[in-house]
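Some notes on the structure that comes next.
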Amino acid sequence: MTVTNLAAATEIGTVEFLPMVGGVLATLAFFAVGVAVLAAGFAMLDALTPGNLRHQVYVEKNPNAALLLGANHLSLAIIVVTAIMTSSDGFAQGLADSLVYGVVGVVLQAAALAIMNVLLPGRLVALVAEPRMCGAAWAVAVTLFSVGLVNAAALS
């Protein structure tokens, strides 16, 4: 086979940059929504727990605070990912869907913490001040993660 025949037999195709640029911009917009929801979730958890959550996690290296923060972020990320994947094909509506359902997720996480504080013995959100890892932190973290999964499943 000659080079000419090989070139004629091989479909090289073309690259369309305009749709790619639109995709990159959409990715950045959805990323911004995801980060905003995670930041709102952090602010909510910080408001519902005693002390400065950022200081407890990153300076004091409190394992209970880190566990609750990690579970909260994972559950909210699952909600946002599900909202993005099941959102409208229209860019603006999809972005709005993701933001609204992300905020609903933050509210439901706050409600779950409030309900646990009422129904379970002791103030569970106060466990972030406990310097040693405790079982109650795992129970709260798993519950927060479960609430996130249920919320995400309700979106699809």
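Please note that chains go A, B, ... in the order of the structure tokens, that every chain numbers its residues from 1, and that ligands are numbered from 1 in the order shown.
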
Report as CSV the residues of range 122-141 of chain A within 8 Å of range 63-76 of chain A, each with its shortest atom pair and distance in Å (one decimal), using only C-alpha atoms, ordered by chain and increasing residue number.
```
residue,atom,partner,partner_atom,distance
A:Leu127,CA,A:Asn64,CA,6.9
A:Val128,CA,A:Ala65,CA,4.5
A:Ala129,CA,A:Ala65,CA,7.4
A:Glu130,CA,A:Asn64,CA,7.0
A:Pro131,CA,A:Pro63,CA,7.2
A:Arg132,CA,A:Pro63,CA,6.8
A:Met133,CA,A:Asn64,CA,5.6
A:Cys134,CA,A:Asn64,CA,7.0
A:Ala137,CA,A:Asn64,CA,5.5
A:Trp138,CA,A:Leu67,CA,7.2
A:Val140,CA,A:Leu68,CA,7.1
A:Ala141,CA,A:Leu68,CA,5.2
```

Output file for the residues above (all heavy atoms, as a short mmCIF file (atom, residue, chain, number, x, y, z; two decimals), in the first residue's frame):
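Result file is out-v4.cif:
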```
data_model
loop_
_atom_site.label_atom_id
_atom_site.label_comp_id
_atom_site.auth_asym_id
_atom_site.auth_seq_id
_atom_site.Cartn_x
_atom_site.Cartn_y
_atom_site.Cartn_z
N LEU A 127 -19.61 16.83 69.77
CA LEU A 127 -18.54 15.83 69.78
C LEU A 127 -17.33 16.28 68.97
O LEU A 127 -16.26 15.71 69.12
CB LEU A 127 -19.04 14.48 69.30
CG LEU A 127 -19.53 14.32 67.87
CD1 LEU A 127 -18.39 14.07 66.92
CD2 LEU A 127 -20.52 13.19 67.82
N VAL A 128 -17.47 17.31 68.17
CA VAL A 128 -16.30 17.78 67.42
C VAL A 128 -15.22 18.32 68.35
O VAL A 128 -14.06 18.36 67.98
CB VAL A 128 -16.67 18.85 66.36
CG1 VAL A 128 -17.59 18.29 65.32
CG2 VAL A 128 -17.24 20.08 66.99
N ALA A 129 -15.60 18.72 69.56
CA ALA A 129 -14.61 19.22 70.52
C ALA A 129 -13.85 18.10 71.21
O ALA A 129 -12.82 18.33 71.82
CB ALA A 129 -15.30 20.10 71.56
N GLU A 130 -14.34 16.89 71.10
CA GLU A 130 -13.68 15.73 71.71
C GLU A 130 -12.36 15.46 70.98
O GLU A 130 -12.35 15.26 69.76
CB GLU A 130 -14.60 14.51 71.61
CG GLU A 130 -14.02 13.22 72.11
CD GLU A 130 -13.76 13.21 73.60
OE1 GLU A 130 -14.54 13.82 74.35
OE2 GLU A 130 -12.75 12.61 74.01
N PRO A 131 -11.22 15.47 71.69
CA PRO A 131 -9.93 15.32 71.01
C PRO A 131 -9.63 13.90 70.52
O PRO A 131 -8.78 13.72 69.66
CB PRO A 131 -8.92 15.75 72.07
CG PRO A 131 -9.61 15.53 73.37
CD PRO A 131 -11.07 15.73 73.12
N ARG A 132 -10.30 12.89 71.08
CA ARG A 132 -10.05 11.51 70.64
C ARG A 132 -11.19 11.04 69.74
O ARG A 132 -12.33 11.44 69.93
CB ARG A 132 -9.97 10.57 71.84
CG ARG A 132 -8.79 10.84 72.76
CD ARG A 132 -8.85 9.94 73.95
NE ARG A 132 -10.25 9.93 74.43
CZ ARG A 132 -10.72 9.20 75.41
NH1 ARG A 132 -9.93 8.38 76.04
NH2 ARG A 132 -11.97 9.27 75.79
N MET A 133 -10.85 10.19 68.79
CA MET A 133 -11.87 9.62 67.91
C MET A 133 -12.88 8.86 68.75
O MET A 133 -12.51 8.13 69.65
CB MET A 133 -11.22 8.68 66.89
CG MET A 133 -12.18 8.01 65.94
SD MET A 133 -13.07 9.15 64.88
CE MET A 133 -11.80 9.60 63.74
N CYS A 134 -14.17 9.09 68.46
CA CYS A 134 -15.20 8.38 69.21
C CYS A 134 -16.23 7.79 68.26
O CYS A 134 -16.41 8.25 67.14
CB CYS A 134 -15.85 9.28 70.25
SG CYS A 134 -16.78 10.65 69.58
N ALA A 137 -18.99 9.96 66.57
CA ALA A 137 -18.63 10.70 65.36
C ALA A 137 -18.84 9.84 64.13
O ALA A 137 -19.32 10.32 63.10
CB ALA A 137 -17.18 11.17 65.44
N TRP A 138 -18.50 8.56 64.21
CA TRP A 138 -18.72 7.65 63.08
C TRP A 138 -20.21 7.50 62.80
O TRP A 138 -20.63 7.48 61.64
CB TRP A 138 -18.09 6.28 63.36
CG TRP A 138 -16.62 6.30 63.11
CD1 TRP A 138 -15.63 6.45 64.05
CD2 TRP A 138 -15.96 6.22 61.86
NE1 TRP A 138 -14.41 6.45 63.46
CE2 TRP A 138 -14.58 6.31 62.10
CE3 TRP A 138 -16.41 6.07 60.56
CZ2 TRP A 138 -13.64 6.26 61.08
CZ3 TRP A 138 -15.48 6.02 59.54
CH2 TRP A 138 -14.11 6.11 59.80
N VAL A 140 -22.65 9.64 63.44
CA VAL A 140 -23.14 10.87 62.83
C VAL A 140 -22.65 10.98 61.39
O VAL A 140 -23.42 11.33 60.48
CB VAL A 140 -22.72 12.11 63.65
CG1 VAL A 140 -23.07 13.40 62.93
CG2 VAL A 140 -23.36 12.08 65.04
N ALA A 141 -21.38 10.65 61.15
CA ALA A 141 -20.83 10.73 59.79
C ALA A 141 -21.56 9.79 58.84
O ALA A 141 -21.92 10.19 57.72
CB ALA A 141 -19.34 10.40 59.82
#
```

Subject >> Residues within 10 Å of Gly51 in chain A, only C-alpha atoms, excluding chain neighbours under 4 positions, as a ChimeraX atom specification >> reply: /A:46-47,55-56,126,128-129

Original post:
Could you pull the residues within 10 Å of Tyr101 in chain A, counting only C-alpha atoms, minus those fewer than 4 positions along the same chain, as a list in words?
Top reply: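 Contacts, with the query itself left out: Val37, Leu76, Ile79, Val80, Thr82, Ala83, Ile84, Ser87, Ala96, Asp97, Gly105, Val106, Val107, Asn151, Ala152 and Leu155 of chain A.
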
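One distance worth recording is that between CA of Phe91 in chain A and CA of Leu28 in chain A, which is 12.0 Å.
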
Subject >> Of the listed residues A:Ser88, A:Leu53, A:Val100, A:Glu16, that which approaches Ala36 in chain A most closely, counting only C-alpha atoms >> reply: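 Closest to Ala36 in chain A, using only C-alpha atoms: A:Val100.
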
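CA of Thr86 in chain A is found 26.7 Å from CA of Leu113 in chain A.
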
Original post:
In range 17-67 of chain A, what's helix (DSSP H, G or I) per DSSP? Answer as a count of residues only?
Top reply: 43

**OP:** Write out as a PyMOL selection string the residues lying within 12 Å of Asn117 in chain A, counting only C-alpha atoms and excluding same-chain residues fewer than 5 positions away.
**Re:** chain A and resi 48-49+110-112+122-127+136+140

Let me see the file: selected residues, N, CA and C atoms, as a PDB file, in the first residue's frame.
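And here is the file that came out, again39.pdb:
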```pdb
ATOM      1  N   LEU A  48     -23.346  24.961  62.981  1.00  0.00           N
ATOM      2  CA  LEU A  48     -24.065  24.035  63.861  1.00  0.00           C
ATOM      3  C   LEU A  48     -23.175  23.311  64.856  1.00  0.00           C
ATOM      4  N   THR A  49     -21.878  23.494  64.740  1.00  0.00           N
ATOM      5  CA  THR A  49     -20.957  22.851  65.673  1.00  0.00           C
ATOM      6  C   THR A  49     -20.218  23.919  66.472  1.00  0.00           C
ATOM      7  N   ALA A 110     -28.397  19.887  57.336  1.00  0.00           N
ATOM      8  CA  ALA A 110     -28.628  20.652  58.568  1.00  0.00           C
ATOM      9  C   ALA A 110     -29.812  20.070  59.339  1.00  0.00           C
ATOM     10  N   ALA A 111     -30.871  19.715  58.630  1.00  0.00           N
ATOM     11  CA  ALA A 111     -32.046  19.121  59.283  1.00  0.00           C
ATOM     12  C   ALA A 111     -31.680  17.794  59.928  1.00  0.00           C
ATOM     13  N   ALA A 112     -30.869  16.986  59.246  1.00  0.00           N
ATOM     14  CA  ALA A 112     -30.451  15.697  59.813  1.00  0.00           C
ATOM     15  C   ALA A 112     -29.674  15.910  61.105  1.00  0.00           C
ATOM     16  N   GLY A 122     -27.279  13.298  74.426  1.00  0.00           N
ATOM     17  CA  GLY A 122     -26.152  14.224  74.333  1.00  0.00           C
ATOM     18  C   GLY A 122     -26.275  15.119  73.117  1.00  0.00           C
ATOM     19  N   ARG A 123     -25.420  16.080  73.020  1.00  0.00           N
ATOM     20  CA  ARG A 123     -25.402  16.956  71.847  1.00  0.00           C
ATOM     21  C   ARG A 123     -24.352  16.422  70.894  1.00  0.00           C
ATOM     22  N   LEU A 124     -24.813  15.746  69.862  1.00  0.00           N
ATOM     23  CA  LEU A 124     -23.886  15.091  68.946  1.00  0.00           C
ATOM     24  C   LEU A 124     -22.974  16.072  68.223  1.00  0.00           C
ATOM     25  N   VAL A 125     -23.481  17.243  67.920  1.00  0.00           N
ATOM     26  CA  VAL A 125     -22.609  18.184  67.214  1.00  0.00           C
ATOM     27  C   VAL A 125     -21.498  18.692  68.122  1.00  0.00           C
ATOM     28  N   ALA A 126     -21.655  18.553  69.444  1.00  0.00           N
ATOM     29  CA  ALA A 126     -20.594  18.971  70.366  1.00  0.00           C
ATOM     30  C   ALA A 126     -19.432  17.981  70.367  1.00  0.00           C
ATOM     31  N   LEU A 127     -19.607  16.825  69.773  1.00  0.00           N
ATOM     32  CA  LEU A 127     -18.537  15.833  69.779  1.00  0.00           C
ATOM     33  C   LEU A 127     -17.331  16.277  68.975  1.00  0.00           C
ATOM     34  N   ALA A 136     -19.435   7.883  68.366  1.00  0.00           N
ATOM     35  CA  ALA A 136     -20.548   8.768  68.025  1.00  0.00           C
ATOM     36  C   ALA A 136     -20.249   9.570  66.762  1.00  0.00           C
ATOM     37  N   VAL A 140     -22.646   9.641  63.439  1.00  0.00           N
ATOM     38  CA  VAL A 140     -23.143  10.873  62.828  1.00  0.00           C
ATOM     39  C   VAL A 140     -22.650  10.975  61.385  1.00  0.00           C
TER      40      VAL A 140
END
```

Original post:
What does the distance from CA of Gln109 in chain A to CA of Ala153 in chain A come to in Å, to one decimal?
Top reply: 14.8 Å
